[in-house]
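Student: My file is query_17.txt. It has compact mmCIF, C-alpha atoms:
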```
# COMPACT_ATOMS: atom_id res chain seq x y z
CA MET I 1 -18.12 -7.55 -12.33
CA SER I 2 -14.91 -7.99 -14.32
CA ARG I 3 -12.68 -10.97 -14.99
CA VAL I 4 -9.18 -10.07 -13.80
CA VAL I 5 -5.86 -11.80 -14.40
CA VAL I 6 -2.96 -10.68 -12.19
CA ILE I 7 0.53 -11.66 -13.33
CA GLY I 8 2.91 -12.26 -10.45
CA ALA I 9 2.23 -13.37 -6.87
CA GLY I 10 4.62 -11.07 -5.06
CA PRO I 11 3.21 -8.70 -2.43
CA MET I 12 2.00 -6.25 -5.10
CA GLY I 13 0.27 -8.88 -7.21
CA LEU I 14 -1.34 -10.55 -4.22
CA ALA I 15 -2.50 -7.22 -2.80
CA VAL I 16 -4.02 -6.26 -6.18
CA ALA I 17 -5.84 -9.58 -6.25
CA TRP I 18 -7.00 -9.18 -2.64
CA HIS I 19 -8.53 -5.77 -3.26
CA ALA I 20 -10.02 -6.80 -6.61
CA SER I 21 -11.55 -10.02 -5.25
CA ARG I 22 -12.83 -8.14 -2.21
CA ALA I 23 -14.63 -5.78 -4.60
CA GLY I 24 -16.37 -8.78 -6.17
CA HIS I 25 -14.29 -9.27 -9.31
CA ASP I 26 -13.45 -12.74 -10.63
CA VAL I 27 -9.68 -12.91 -10.02
CA VAL I 28 -6.93 -15.32 -11.05
CA VAL I 29 -3.27 -14.79 -10.07
CA LEU I 30 -0.70 -16.47 -12.33
CA GLU I 31 2.74 -17.08 -10.80
CA ALA I 32 5.72 -18.73 -12.49
CA ASP I 33 7.38 -19.82 -9.24
CA ARG I 34 6.38 -22.90 -7.28
CA ILE I 35 5.22 -20.76 -4.31
CA PRO I 36 3.68 -17.30 -3.95
CA GLY I 37 5.49 -14.38 -2.35
CA GLY I 38 8.06 -13.18 -4.88
CA MET I 39 10.96 -11.55 -3.04
CA ALA I 40 8.96 -12.00 0.18
CA ALA I 41 8.68 -15.79 -0.24
CA HIS I 42 10.09 -17.98 2.53
CA PHE I 43 12.18 -21.13 2.49
CA ASP I 44 12.93 -23.83 5.06
CA PHE I 45 16.33 -23.00 6.54
CA GLY I 46 17.00 -26.11 8.58
CA GLY I 47 13.69 -25.91 10.38
CA LEU I 48 13.50 -22.10 10.38
CA SER I 49 11.02 -20.48 7.99
CA ILE I 50 12.63 -17.30 6.72
CA GLU I 51 12.56 -14.88 3.77
CA ARG I 52 14.73 -15.45 0.72
CA PHE I 53 15.44 -11.72 0.84
CA TYR I 54 15.29 -9.70 4.05
CA HIS I 55 12.39 -7.33 4.79
CA PHE I 56 11.72 -4.82 7.53
CA ILE I 57 8.95 -2.38 8.40
CA CYS I 58 9.30 1.32 9.13
CA LYS I 59 6.89 3.56 11.02
CA PRO I 60 5.76 5.48 7.90
CA ASP I 61 4.57 2.19 6.29
CA GLN I 62 0.87 2.95 6.79
CA ALA I 63 -0.21 0.92 3.77
CA THR I 64 1.22 -2.22 5.40
CA PHE I 65 -0.54 -1.50 8.69
CA ASP I 66 -3.87 -0.97 6.91
CA LEU I 67 -3.56 -4.17 4.91
CA MET I 68 -2.62 -6.23 7.95
CA ALA I 69 -5.67 -4.86 9.76
CA GLU I 70 -7.94 -5.76 6.82
CA LEU I 71 -6.53 -9.29 6.82
CA GLY I 72 -6.92 -9.70 10.59
CA ILE I 73 -3.21 -10.05 11.31
CA ALA I 74 -2.44 -6.62 12.79
CA ASP I 75 -1.62 -8.32 16.09
CA ARG I 76 1.41 -9.99 14.45
CA LEU I 77 3.26 -6.68 14.00
CA ARG I 78 6.22 -6.25 16.34
CA TRP I 79 8.65 -3.38 16.94
CA ARG I 80 12.22 -3.68 18.10
CA ALA I 81 15.01 -1.26 18.94
CA THR I 82 17.70 -1.69 16.28
CA SER I 83 21.01 -0.11 15.42
CA MET I 84 23.33 0.45 12.48
CA GLY I 85 27.08 0.07 12.22
CA TYR I 86 29.82 1.14 9.80
CA TYR I 87 32.76 -1.15 9.16
CA ILE I 88 35.54 1.01 7.74
CA ASP I 89 39.08 -0.18 7.07
CA GLY I 90 39.16 -2.90 9.68
CA ARG I 91 37.13 -1.30 12.44
CA LEU I 92 33.43 -1.44 13.35
CA TYR I 93 31.83 1.84 14.41
CA LYS I 94 28.37 2.43 15.84
CA TRP I 95 26.29 4.65 13.59
CA GLY I 96 22.87 6.22 13.24
CA ASP I 97 22.43 8.56 16.22
CA PRO I 98 23.87 11.92 17.33
CA LEU I 99 26.20 10.42 19.93
CA ALA I 100 27.65 7.98 17.41
CA LEU I 101 28.27 10.84 14.99
CA LEU I 102 29.90 13.03 17.63
CA SER I 103 32.27 10.24 18.69
CA PHE I 104 33.09 9.13 15.13
CA PRO I 105 36.85 9.70 14.73
CA LEU I 106 37.08 9.74 10.93
CA LEU I 107 35.28 13.05 10.39
CA GLY I 108 36.11 16.53 11.61
CA PRO I 109 33.59 18.90 13.22
CA ILE I 110 32.68 20.68 9.98
CA ASP I 111 32.05 17.43 8.09
CA LYS I 112 29.99 16.08 10.99
CA PHE I 113 27.86 19.22 10.94
CA ARG I 114 27.39 19.05 7.18
CA TYR I 115 26.44 15.36 7.35
CA ALA I 116 23.92 15.96 10.15
CA ARG I 117 22.39 18.90 8.29
CA HIS I 118 22.15 16.86 5.08
CA VAL I 119 20.32 13.97 6.78
CA PHE I 120 18.04 16.33 8.70
CA MET I 121 17.05 18.25 5.56
CA ALA I 122 16.39 14.99 3.68
CA SER I 123 14.22 13.72 6.52
CA LYS I 124 12.03 16.83 6.33
CA ARG I 125 11.77 17.15 2.54
CA ARG I 126 8.28 16.63 1.15
CA ASP I 127 8.85 17.26 -2.53
CA TRP I 128 11.67 15.43 -4.31
CA SER I 129 10.85 16.66 -7.80
CA LYS I 130 13.36 19.54 -7.64
CA LEU I 131 16.16 17.01 -7.16
CA ASP I 132 15.00 14.63 -9.87
CA GLY I 133 17.64 15.85 -12.31
CA LEU I 134 20.55 15.30 -9.91
CA ASN I 135 22.48 12.09 -9.38
CA VAL I 136 23.31 10.91 -5.88
CA HIS I 137 26.98 11.88 -6.08
CA ASP I 138 26.31 15.48 -7.08
CA TRP I 139 23.59 15.88 -4.45
CA ILE I 140 25.68 14.55 -1.56
CA VAL I 141 28.81 16.48 -2.57
CA ALA I 142 26.82 19.71 -2.90
CA GLU I 143 25.12 19.36 0.48
CA ALA I 144 27.57 17.33 2.58
CA GLY I 145 30.91 17.48 0.79
CA GLU I 146 33.36 15.24 -1.02
CA THR I 147 34.75 13.76 2.20
CA ILE I 148 31.33 12.44 3.23
CA TRP I 149 30.76 10.99 -0.23
CA ASN I 150 34.10 9.20 -0.36
CA LEU I 151 33.99 7.83 3.18
CA LEU I 152 30.33 6.89 3.63
CA TRP I 153 28.71 6.48 0.23
CA LYS I 154 31.03 6.00 -2.74
CA ARG I 155 32.06 2.39 -2.19
CA SER I 156 28.49 1.35 -1.41
CA PHE I 157 27.27 2.69 -4.73
CA ASP I 158 30.26 1.31 -6.64
CA LEU I 159 29.61 -2.16 -5.20
CA LYS I 160 25.87 -2.09 -5.84
CA PHE I 161 25.56 -0.38 -9.21
CA TYR I 162 29.12 -0.73 -10.57
CA GLU I 163 29.36 1.15 -13.90
CA LEU I 164 25.84 2.52 -13.30
CA SER I 165 26.74 4.15 -9.95
CA ASP I 166 26.58 7.66 -11.45
CA SER I 167 23.16 6.86 -12.93
CA VAL I 168 21.15 6.90 -9.69
CA ALA I 169 18.85 9.85 -9.02
CA ALA I 170 19.14 11.77 -5.76
CA PRO I 171 15.45 11.33 -4.81
CA TRP I 172 15.86 7.55 -4.76
CA LEU I 173 18.42 7.77 -1.94
CA GLY I 174 16.75 10.73 -0.28
CA ALA I 175 13.45 8.86 0.09
CA ARG I 176 15.30 5.96 1.75
CA ILE I 177 16.99 8.33 4.20
CA LYS I 178 13.66 9.93 5.04
CA ARG I 179 11.87 6.61 5.59
CA LEU I 180 14.52 5.34 8.00
CA ALA I 181 14.81 8.69 9.77
CA ALA I 182 11.08 8.57 10.46
CA SER I 183 11.31 5.11 12.02
CA ARG I 184 12.72 6.10 15.39
CA ARG I 185 11.65 5.91 18.99
CA SER I 186 13.72 9.04 19.60
CA ILE I 187 16.66 10.83 17.98
CA PHE I 188 18.86 8.40 19.90
CA GLN I 189 17.06 5.15 19.05
CA GLU I 190 16.06 3.57 15.75
CA GLU I 191 13.04 1.27 15.88
CA LEU I 192 12.11 -1.10 13.07
CA GLY I 193 9.24 -3.53 12.69
CA TYR I 194 8.75 -7.12 11.59
CA ILE I 195 5.90 -9.59 11.32
CA GLU I 196 5.96 -12.33 13.92
CA GLY I 197 6.52 -15.49 11.90
CA GLY I 198 8.00 -13.50 9.00
CA THR I 199 6.60 -12.01 5.81
CA GLU I 200 5.20 -15.46 5.02
CA VAL I 201 2.38 -14.65 7.45
CA LEU I 202 1.30 -11.73 5.25
CA VAL I 203 1.66 -13.76 2.04
CA GLU I 204 -0.43 -16.63 3.44
CA ALA I 205 -3.10 -14.26 4.73
CA LEU I 206 -3.38 -12.63 1.30
CA VAL I 207 -3.68 -15.99 -0.46
CA LYS I 208 -6.34 -17.17 2.00
CA GLY I 209 -8.20 -13.88 1.65
CA ILE I 210 -8.19 -14.10 -2.15
CA GLU I 211 -9.41 -17.69 -2.06
CA ALA I 212 -12.10 -16.81 0.49
CA ASN I 213 -13.37 -14.29 -2.06
CA ARG I 214 -13.47 -17.08 -4.70
CA GLY I 215 -10.27 -15.96 -6.37
CA LYS I 216 -7.44 -18.28 -7.38
CA VAL I 217 -3.67 -18.16 -6.89
CA LEU I 218 -2.05 -20.54 -9.36
CA CYS I 219 1.67 -21.30 -9.11
CA ARG I 220 3.91 -22.86 -11.75
CA GLN I 221 1.86 -20.93 -14.32
CA PRO I 222 4.32 -18.75 -16.28
CA VAL I 223 2.53 -16.39 -18.62
CA GLN I 224 3.63 -16.86 -22.22
CA GLN I 225 1.61 -14.12 -23.83
CA VAL I 226 -0.93 -11.39 -23.06
CA GLU I 227 -3.31 -11.08 -25.97
CA ILE I 228 -4.94 -7.92 -27.30
CA GLN I 229 -7.74 -7.45 -29.79
CA GLY I 230 -9.21 -4.19 -31.01
CA GLY I 231 -7.23 -2.13 -28.52
CA LYS I 232 -8.51 -4.17 -25.56
CA VAL I 233 -6.85 -6.87 -23.50
CA THR I 234 -8.53 -10.26 -23.84
CA GLY I 235 -6.55 -12.52 -21.54
CA ALA I 236 -3.31 -14.36 -20.85
CA ARG I 237 -1.91 -17.67 -21.97
CA THR I 238 0.24 -20.11 -19.97
CA PRO I 239 1.54 -23.59 -20.88
CA ASN I 240 -1.48 -25.00 -19.10
CA GLY I 241 -4.21 -22.95 -20.70
CA TRP I 242 -5.94 -19.73 -21.63
CA TYR I 243 -7.32 -17.30 -19.03
CA GLU I 244 -9.88 -14.92 -20.45
CA ALA I 245 -9.92 -11.47 -18.88
CA ASP I 246 -11.39 -8.00 -19.10
CA HIS I 247 -8.39 -6.71 -17.15
CA VAL I 248 -4.80 -7.91 -16.98
CA ILE I 249 -2.52 -6.41 -14.35
CA SER I 250 1.17 -7.25 -14.65
CA THR I 251 3.36 -6.90 -11.56
CA MET I 252 6.34 -8.92 -12.81
CA ALA I 253 9.75 -7.30 -13.36
CA ILE I 254 9.50 -4.91 -16.31
CA PRO I 255 12.34 -6.52 -18.35
CA TYR I 256 10.18 -9.63 -18.72
CA VAL I 257 6.96 -7.85 -19.61
CA THR I 258 7.26 -6.43 -23.10
CA LYS I 259 8.31 -9.78 -24.57
CA LEU I 260 4.94 -11.17 -23.47
CA ILE I 261 2.78 -8.42 -24.99
CA PRO I 262 3.30 -8.24 -28.77
CA GLY I 263 0.36 -5.85 -29.15
CA LEU I 264 1.79 -3.13 -26.94
CA PRO I 265 2.18 0.21 -28.79
CA ASP I 266 5.77 1.01 -29.75
CA GLU I 267 6.04 4.24 -27.77
CA HIS I 268 4.86 2.63 -24.53
CA ARG I 269 7.05 -0.40 -25.15
CA ALA I 270 10.11 1.81 -25.66
CA LYS I 271 9.54 3.57 -22.32
CA LEU I 272 9.25 0.26 -20.50
CA ASP I 273 12.31 -1.19 -22.26
CA ALA I 274 14.35 1.87 -21.23
CA ILE I 275 13.97 0.98 -17.52
CA ARG I 276 17.20 -0.66 -16.38
CA ASN I 277 17.30 -3.21 -13.59
CA ILE I 278 20.22 -4.93 -11.85
CA GLY I 279 20.38 -8.40 -10.32
CA VAL I 280 21.13 -9.76 -6.89
CA VAL I 281 22.64 -12.86 -5.39
CA CYS I 282 21.68 -12.98 -1.72
CA VAL I 283 23.45 -15.42 0.59
CA VAL I 284 21.74 -16.33 3.86
CA LEU I 285 24.05 -17.62 6.58
CA LYS I 286 23.12 -19.33 9.85
CA LEU I 287 25.72 -19.06 12.61
CA SER I 288 26.16 -20.32 16.13
CA LYS I 289 26.89 -16.81 17.43
CA SER I 290 26.25 -13.20 16.56
CA VAL I 291 28.49 -11.29 14.15
CA THR I 292 27.73 -7.75 15.40
CA PRO I 293 25.14 -6.15 17.67
CA HIS I 294 23.65 -4.27 14.70
CA PHE I 295 20.83 -4.98 12.27
CA TRP I 296 22.60 -3.35 9.33
CA VAL I 297 26.32 -2.81 8.89
CA ASN I 298 27.54 -0.64 6.00
CA ILE I 299 31.01 -1.57 4.77
CA ASN I 300 33.90 0.43 3.32
CA ASP I 301 36.91 -1.86 3.33
CA HIS I 302 39.12 -2.72 0.34
CA ARG I 303 39.07 -6.43 1.29
CA ILE I 304 35.28 -6.68 1.08
CA ASP I 305 33.28 -6.47 -2.14
CA VAL I 306 29.79 -6.05 -0.73
CA PRO I 307 28.31 -2.74 0.50
CA GLY I 308 26.95 -4.20 3.72
CA ILE I 309 25.53 -7.12 5.67
CA VAL I 310 22.20 -7.53 7.46
CA GLU I 311 22.05 -9.48 10.71
CA PHE I 312 18.36 -10.21 10.47
CA SER I 313 18.16 -11.99 13.81
CA ASN I 314 18.94 -8.64 15.47
CA LEU I 315 15.50 -7.53 14.25
CA ARG I 316 13.31 -10.62 14.17
CA PRO I 317 14.10 -13.08 16.98
CA THR I 318 14.65 -16.31 15.08
CA GLY I 319 16.24 -18.38 17.85
CA GLU I 320 19.34 -18.63 15.66
CA HIS I 321 21.80 -16.08 14.28
CA VAL I 322 20.93 -15.27 10.67
CA VAL I 323 22.93 -12.96 8.41
CA TYR I 324 22.13 -11.85 4.86
CA VAL I 325 25.00 -10.96 2.53
CA PRO I 326 23.59 -9.37 -0.66
CA PHE I 327 25.63 -9.07 -3.87
CA TYR I 328 23.94 -6.56 -6.18
CA MET I 329 25.33 -5.98 -9.66
CA PRO I 330 24.34 -5.54 -13.32
CA GLN I 331 23.60 -8.85 -14.98
CA GLY I 332 26.48 -8.35 -17.41
CA ASN I 333 29.03 -8.45 -14.61
CA PRO I 334 31.01 -11.72 -14.96
CA LYS I 335 30.75 -12.23 -11.21
CA PHE I 336 26.97 -12.59 -11.47
CA LEU I 337 27.38 -15.95 -13.23
CA ARG I 338 29.60 -17.53 -10.55
CA ASP I 339 28.31 -20.69 -8.95
CA ASP I 340 26.57 -20.73 -5.57
CA CYS I 341 29.56 -22.11 -3.68
CA ALA I 342 31.75 -19.16 -4.71
CA PHE I 343 29.23 -16.64 -3.35
CA ILE I 344 28.76 -18.60 -0.14
CA GLU I 345 32.51 -18.81 0.49
CA GLU I 346 32.95 -15.11 -0.19
CA SER I 347 30.08 -14.34 2.22
CA LYS I 348 31.73 -16.37 4.95
CA ASN I 349 34.97 -14.50 4.37
CA VAL I 350 33.15 -11.18 4.70
CA VAL I 351 31.76 -12.27 8.05
CA ARG I 352 35.19 -13.45 9.23
CA ILE I 353 36.72 -10.08 8.37
CA VAL I 354 34.00 -8.11 10.12
CA ASN I 355 34.26 -10.33 13.19
CA PRO I 356 37.61 -12.17 13.46
CA ASP I 357 36.23 -14.24 16.36
CA ILE I 358 34.02 -16.15 13.92
CA ARG I 359 35.52 -19.55 13.16
CA ASP I 360 34.66 -22.11 10.49
CA TYR I 361 32.73 -24.20 12.99
CA ASP I 362 30.47 -21.21 13.76
CA PHE I 363 28.85 -21.49 10.32
CA VAL I 364 25.86 -23.79 10.71
CA ASP I 365 24.18 -23.53 7.31
CA ALA I 366 24.11 -21.44 4.13
CA ARG I 367 21.62 -20.92 1.32
CA LEU I 368 21.45 -18.64 -1.68
CA ALA I 369 18.76 -16.89 -3.69
CA ARG I 370 19.41 -15.31 -7.07
CA LEU I 371 17.28 -12.86 -9.05
CA ARG I 372 18.15 -11.55 -12.47
CA TYR I 373 16.01 -8.42 -12.01
CA ALA I 374 15.88 -7.20 -8.43
CA GLN I 375 16.66 -3.47 -8.25
CA PRO I 376 15.55 -0.79 -10.72
CA VAL I 377 18.16 1.79 -11.65
CA CYS I 378 16.36 5.11 -11.22
CA GLU I 379 18.49 7.57 -13.14
CA PRO I 380 18.14 11.38 -13.02
CA GLY I 381 14.87 12.44 -14.58
CA PHE I 382 13.37 9.03 -13.86
CA GLY I 383 10.06 10.43 -12.69
CA ASP I 384 9.38 11.97 -16.10
CA LYS I 385 10.53 8.86 -17.98
CA LEU I 386 8.10 6.42 -16.37
CA PRO I 387 5.08 5.64 -18.58
CA PRO I 388 1.57 5.61 -17.08
CA ILE I 389 0.62 2.42 -15.24
CA GLN I 390 -2.56 2.30 -17.30
CA THR I 391 -1.29 1.47 -20.77
CA PRO I 392 -2.90 2.64 -24.02
CA ILE I 393 -4.48 -0.83 -24.16
CA GLN I 394 -7.88 -0.87 -22.50
CA GLY I 395 -7.82 -3.06 -19.38
CA LEU I 396 -4.03 -3.49 -19.28
CA GLN I 397 -2.01 -2.12 -16.36
CA ILE I 398 1.74 -2.65 -15.98
CA ALA I 399 3.91 -1.81 -12.97
CA ASP I 400 6.79 -3.18 -10.93
CA THR I 401 9.02 -1.78 -8.20
CA SER I 402 10.29 0.90 -10.63
CA PHE I 403 6.94 2.64 -10.27
CA TYR I 404 7.45 3.27 -6.55
CA TYR I 405 9.92 6.02 -7.43
CA PRO I 406 11.21 7.92 -5.57
CA GLU I 407 10.51 5.28 -2.93
CA ASP I 408 12.65 2.13 -3.02
CA ARG I 409 11.34 -1.43 -3.11
CA GLY I 410 9.31 -2.40 -0.07
CA VAL I 411 6.17 -4.24 0.96
CA SER I 412 4.40 -1.03 1.95
CA GLU I 413 4.97 0.59 -1.42
CA SER I 414 3.83 -2.63 -3.11
CA VAL I 415 0.51 -2.72 -1.31
CA ARG I 416 -0.02 1.04 -1.64
CA LEU I 417 0.35 0.89 -5.41
CA ALA I 418 -1.67 -2.34 -5.57
CA LYS I 419 -4.68 -0.68 -3.98
CA GLN I 420 -4.54 2.11 -6.57
CA MET I 421 -4.32 -0.37 -9.44
CA ALA I 422 -7.26 -2.40 -8.13
CA ALA I 423 -9.33 0.76 -7.85
CA HIS I 424 -8.94 1.34 -11.62
CA ILE I 425 -10.65 -1.95 -12.50
CA GLY I 426 -13.91 -1.11 -14.20
```
Is it possible to express this structure as structure tokens?

Tutor:
Amino acid sequence: MSRVVVIGAGPMGLAVAWHASRAGHDVVVLEADRIPGGMAAHFDFGGLSIERFYHFICKPDQATFDLMAELGIADRLRWRATSMGYYIDGRLYKWGDPLALLSFPLLGPIDKFRYARHVFMASKRRDWSKLDGLNVHDWIVAEAGETIWNLLWKRSFDLKFYELSDSVAAPWLGARIKRLAASRRSIFQEELGYIEGGTEVLVEALVKGIEANRGKVLCRQPVQQVEIQGGKVTGARTPNGWYEADHVISTMAIPYVTKLIPGLPDEHRAKLDAIRNIGVVCVVLKLSKSVTPHFWVNINDHRIDVPGIVEFSNLRPTGEHVVYVPFYMPQGNPKFLRDDCAFIEESKNVVRIVNPDIRDYDFVDARLARLRYAQPVCEPGFGDKLPPIQTPIQGLQIADTSFYYPEDRGVSESVRLAKQMAAHIG
């Protein structure tokens, strides 16, 4: 059996290690952070264990269901009826079902029909390759019209991707629409899933499973270099030592990777370096009362500079009201470097605008998580630009959330790809 080093202890890295260790390989996971989990890692929020970044489960997420069954935690999966809202120019509207669309006052009958047809066709599409050359704007305008783009989509993309908003491929959004459309109890009711106890339950089960198979998960072990000799990977080095390996599988964010692998061929390196990735600052607020009845609220209001808020406690019962306010943006945006207090205060202001009944004393606690590389920018033609996961170096595989394309980041896509990568270990 092979010696395997996995770089990164997010869901993908842990799932790779689980499958590899289960197959009998000698596995070590190297993680720079103090705890495993990556974007799925939890923190103590005044006695509540909760994710740094929100996660939810949809009904098409079969890879997640299979993994939970393998780990013996399938009984922790829960489903809950959820809803979506749209906050537009000072008013909150219910969204996400036919009745909400019919009663929506800001669109005429023709635009409502075009929007419904657009979502329906996206939900049924099986092959996204024909749209790979289109950006989101051109796709939506062609199928639903300029009014739909300007009212429902434009500001969201401007406030997530900023100057890169025209550089997002249509399949990336289409796959998200399809996934959510498939997670319904009926056409009138969305239904999303969560893990009782949070994503931490899955992370802990993976770590225990790896260790039960004699693997290791080592935190505070940032990889400094992956070494190559004679066209083969030989191992990875950290400040604390050398880890010899027949296979190295990197699951860290691509912008970090090429700096650590001096022996990577130039052509492969160039393809990896061409993948752009924006950052996120995610504020988590705890309140004494609910902000809205919805899980997700999209926002189009000139006073608010975030594309939406997530009231996570409307999905997972936490015993307290928890709201995520994510600020996505390219790392070069001056706002990205603001201090934590500025983001927290802006988040509170967003909540006050959406629900004017929220007072200062309703804010119980606030925390913040910041990632420099959190969201790949999948531009038109992205599918053809991605290099193979198996690099030209024997035994070296490289992937991150970019390689889920056209699917967006998610635990299910992480574990699906992880199983494929583990299967390629010789």

Student: Any idea what's packed within 6 Å of Ile398 in chain I, counting all atoms listed in the file, ignoring anything in its chain fewer than 5 positions away? Could you give it as a list in words?

Tutor: Ile249, Ser250 and Ile389 of chain I

Student: Those residues you just picked out, can you put them in a file as a short mmCIF file (atom, residue, chain, number, x, y, z; two decimals), in the frame of the given file with C-alpha atoms?

Tutor:
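New file part-v5.cif:
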```
data_model
loop_
_atom_site.label_atom_id
_atom_site.label_comp_id
_atom_site.auth_asym_id
_atom_site.auth_seq_id
_atom_site.Cartn_x
_atom_site.Cartn_y
_atom_site.Cartn_z
CA ILE I 249 -2.52 -6.41 -14.35
CA SER I 250 1.17 -7.25 -14.65
CA ILE I 389 0.62 2.42 -15.24
#
```

Student: Any idea what the distance is between CA of Gly235 in chain I and CA of Arg220 in chain I?

Tutor: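 So the two atoms, CA of Gly235 in chain I and CA of Arg220 in chain I, lie 17.7 Å apart.
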
Student: Can you list every residue of range 24-45 of chain I that has an atom at most 8 Å from range 2-11 of chain I, with its nearest atom pair and the distance in Å to one decimal, using all atoms listed in the file, ordered by chain then number, as a Markdown table?

Tutor:
```
| residue | atom | partner | partner_atom | distance |
| --- | --- | --- | --- | --- |
| I:His25 | CA | I:Ser2 | CA | 5.2 |
| I:Asp26 | CA | I:Arg3 | CA | 4.8 |
| I:Val27 | CA | I:Val4 | CA | 4.8 |
| I:Val28 | CA | I:Val5 | CA | 5.0 |
| I:Val29 | CA | I:Val6 | CA | 4.6 |
| I:Leu30 | CA | I:Ile7 | CA | 5.1 |
| I:Glu31 | CA | I:Gly8 | CA | 4.8 |
| I:Ala32 | CA | I:Gly8 | CA | 7.3 |
| I:Pro36 | CA | I:Ala9 | CA | 5.1 |
| I:Gly37 | CA | I:Gly10 | CA | 4.4 |
| I:Gly38 | CA | I:Gly10 | CA | 4.0 |
| I:Met39 | CA | I:Gly10 | CA | 6.7 |
| I:Ala40 | CA | I:Gly10 | CA | 6.9 |
| I:Ala41 | CA | I:Gly10 | CA | 7.9 |
```

Student: Identify the residues around (19.7, -14.5, -8.5) within a radius of 12 Å, measuring from only C-alpha atoms in the coordinates stated by the file, and give them as a PyMOL selection string.

Tutor: chain I and resi 39+52-53+278-283+326-331+335-340+343+367-375

Student: Using only C-alpha atoms, please write the residues we just selected to a file, as an mmCIF file, keeping the file's coordinate frame.

Tutor:
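Everything below was put into out_19.cif:
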```cif
data_model
loop_
_atom_site.group_PDB
_atom_site.id
_atom_site.type_symbol
_atom_site.label_atom_id
_atom_site.label_comp_id
_atom_site.auth_asym_id
_atom_site.auth_seq_id
_atom_site.Cartn_x
_atom_site.Cartn_y
_atom_site.Cartn_z
ATOM 1 C CA MET I 39 10.960 -11.550 -3.040
ATOM 2 C CA ARG I 52 14.730 -15.450 0.720
ATOM 3 C CA PHE I 53 15.440 -11.720 0.840
ATOM 4 C CA ILE I 278 20.220 -4.930 -11.850
ATOM 5 C CA GLY I 279 20.380 -8.400 -10.320
ATOM 6 C CA VAL I 280 21.130 -9.760 -6.890
ATOM 7 C CA VAL I 281 22.640 -12.860 -5.390
ATOM 8 C CA CYS I 282 21.680 -12.980 -1.720
ATOM 9 C CA VAL I 283 23.450 -15.420 0.590
ATOM 10 C CA PRO I 326 23.590 -9.370 -0.660
ATOM 11 C CA PHE I 327 25.630 -9.070 -3.870
ATOM 12 C CA TYR I 328 23.940 -6.560 -6.180
ATOM 13 C CA MET I 329 25.330 -5.980 -9.660
ATOM 14 C CA PRO I 330 24.340 -5.540 -13.320
ATOM 15 C CA GLN I 331 23.600 -8.850 -14.980
ATOM 16 C CA LYS I 335 30.750 -12.230 -11.210
ATOM 17 C CA PHE I 336 26.970 -12.590 -11.470
ATOM 18 C CA LEU I 337 27.380 -15.950 -13.230
ATOM 19 C CA ARG I 338 29.600 -17.530 -10.550
ATOM 20 C CA ASP I 339 28.310 -20.690 -8.950
ATOM 21 C CA ASP I 340 26.570 -20.730 -5.570
ATOM 22 C CA PHE I 343 29.230 -16.640 -3.350
ATOM 23 C CA ARG I 367 21.620 -20.920 1.320
ATOM 24 C CA LEU I 368 21.450 -18.640 -1.680
ATOM 25 C CA ALA I 369 18.760 -16.890 -3.690
ATOM 26 C CA ARG I 370 19.410 -15.310 -7.070
ATOM 27 C CA LEU I 371 17.280 -12.860 -9.050
ATOM 28 C CA ARG I 372 18.150 -11.550 -12.470
ATOM 29 C CA TYR I 373 16.010 -8.420 -12.010
ATOM 30 C CA ALA I 374 15.880 -7.200 -8.430
ATOM 31 C CA GLN I 375 16.660 -3.470 -8.250
#
```

Student: Between CA of Pro98 in chain I and CA of Tyr86 in chain I, what distance in Å does the model show, to one decimal?

Tutor: 14.4 Å

Student: As a ChimeraX atom specification, please: the residues near Val207 in chain I (cut-off 8 Å, only C-alpha atoms, same-chain neighbours under 4 positions excluded).

Tutor: /I:14,18,203,211,217

Student: Can you work out which one of I:Ser156, I:Gln394, I:Thr82, I:Ser288 has the shortest atom-to-atom distance to Thr234 in chain I, counting only C-alpha atoms?

Tutor: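 Looking only at the distances to Thr234 in chain I, the closest residue turns out to be I:Gln394.
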
Student: Env of range 313-317 of chain I: 7 Å cut, atoms = only C-alpha atoms, seq-sep filter 5 positions within chain, self excluded. Answer as an mmCIF file with C-alpha atoms, in the frame of the given file.

Tutor:
```cif
data_model
loop_
_atom_site.group_PDB
_atom_site.id
_atom_site.type_symbol
_atom_site.label_atom_id
_atom_site.label_comp_id
_atom_site.auth_asym_id
_atom_site.auth_seq_id
_atom_site.Cartn_x
_atom_site.Cartn_y
_atom_site.Cartn_z
ATOM 1 C CA ARG I 80 12.220 -3.680 18.100
ATOM 2 C CA THR I 82 17.700 -1.690 16.280
ATOM 3 C CA TYR I 194 8.750 -7.120 11.590
ATOM 4 C CA HIS I 294 23.650 -4.270 14.700
ATOM 5 C CA PHE I 295 20.830 -4.980 12.270
ATOM 6 C CA VAL I 322 20.930 -15.270 10.670
#
```

Student: Quick one: which range 302-352 of chain I residues come within 9 Å of range 357-366 of chain I, and what is the nearest atom pair for each with the distance in Å to one decimal, counting all atoms listed in the file, rows ordered by chain and ascending number, as a Markdown table?

Tutor:
```
| residue | atom | partner | partner_atom | distance |
| --- | --- | --- | --- | --- |
| I:Ile344 | CA | I:Ala366 | CA | 6.9 |
| I:Lys348 | CA | I:Phe363 | CA | 8.0 |
| I:Val351 | CA | I:Ile358 | CA | 7.4 |
| I:Arg352 | CA | I:Ile358 | CA | 5.5 |
```

Student: As an exercise, work out the distance from CA of Val291 in chain I to CA of Asn355 in chain I in Å and give it to one decimal place.

Tutor: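 Distance reported for this atom pair: 5.9 Å.
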
Student: Set the distance at 12 Å and use all atoms listed in the file: which residues neighbour Lys124 in chain I once local chain neighbours fewer than 2 positions away are removed? I'd like the list as a list in words.

Tutor: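 So, after excluding close chain neighbours, the residues are Arg117, His118, Val119, Phe120, Met121, Ala122, Arg126, Asp127, Trp128, Gly174, Ala175, Ile177, Lys178, Arg179, Leu180, Ala181 and Ala182 of chain I.
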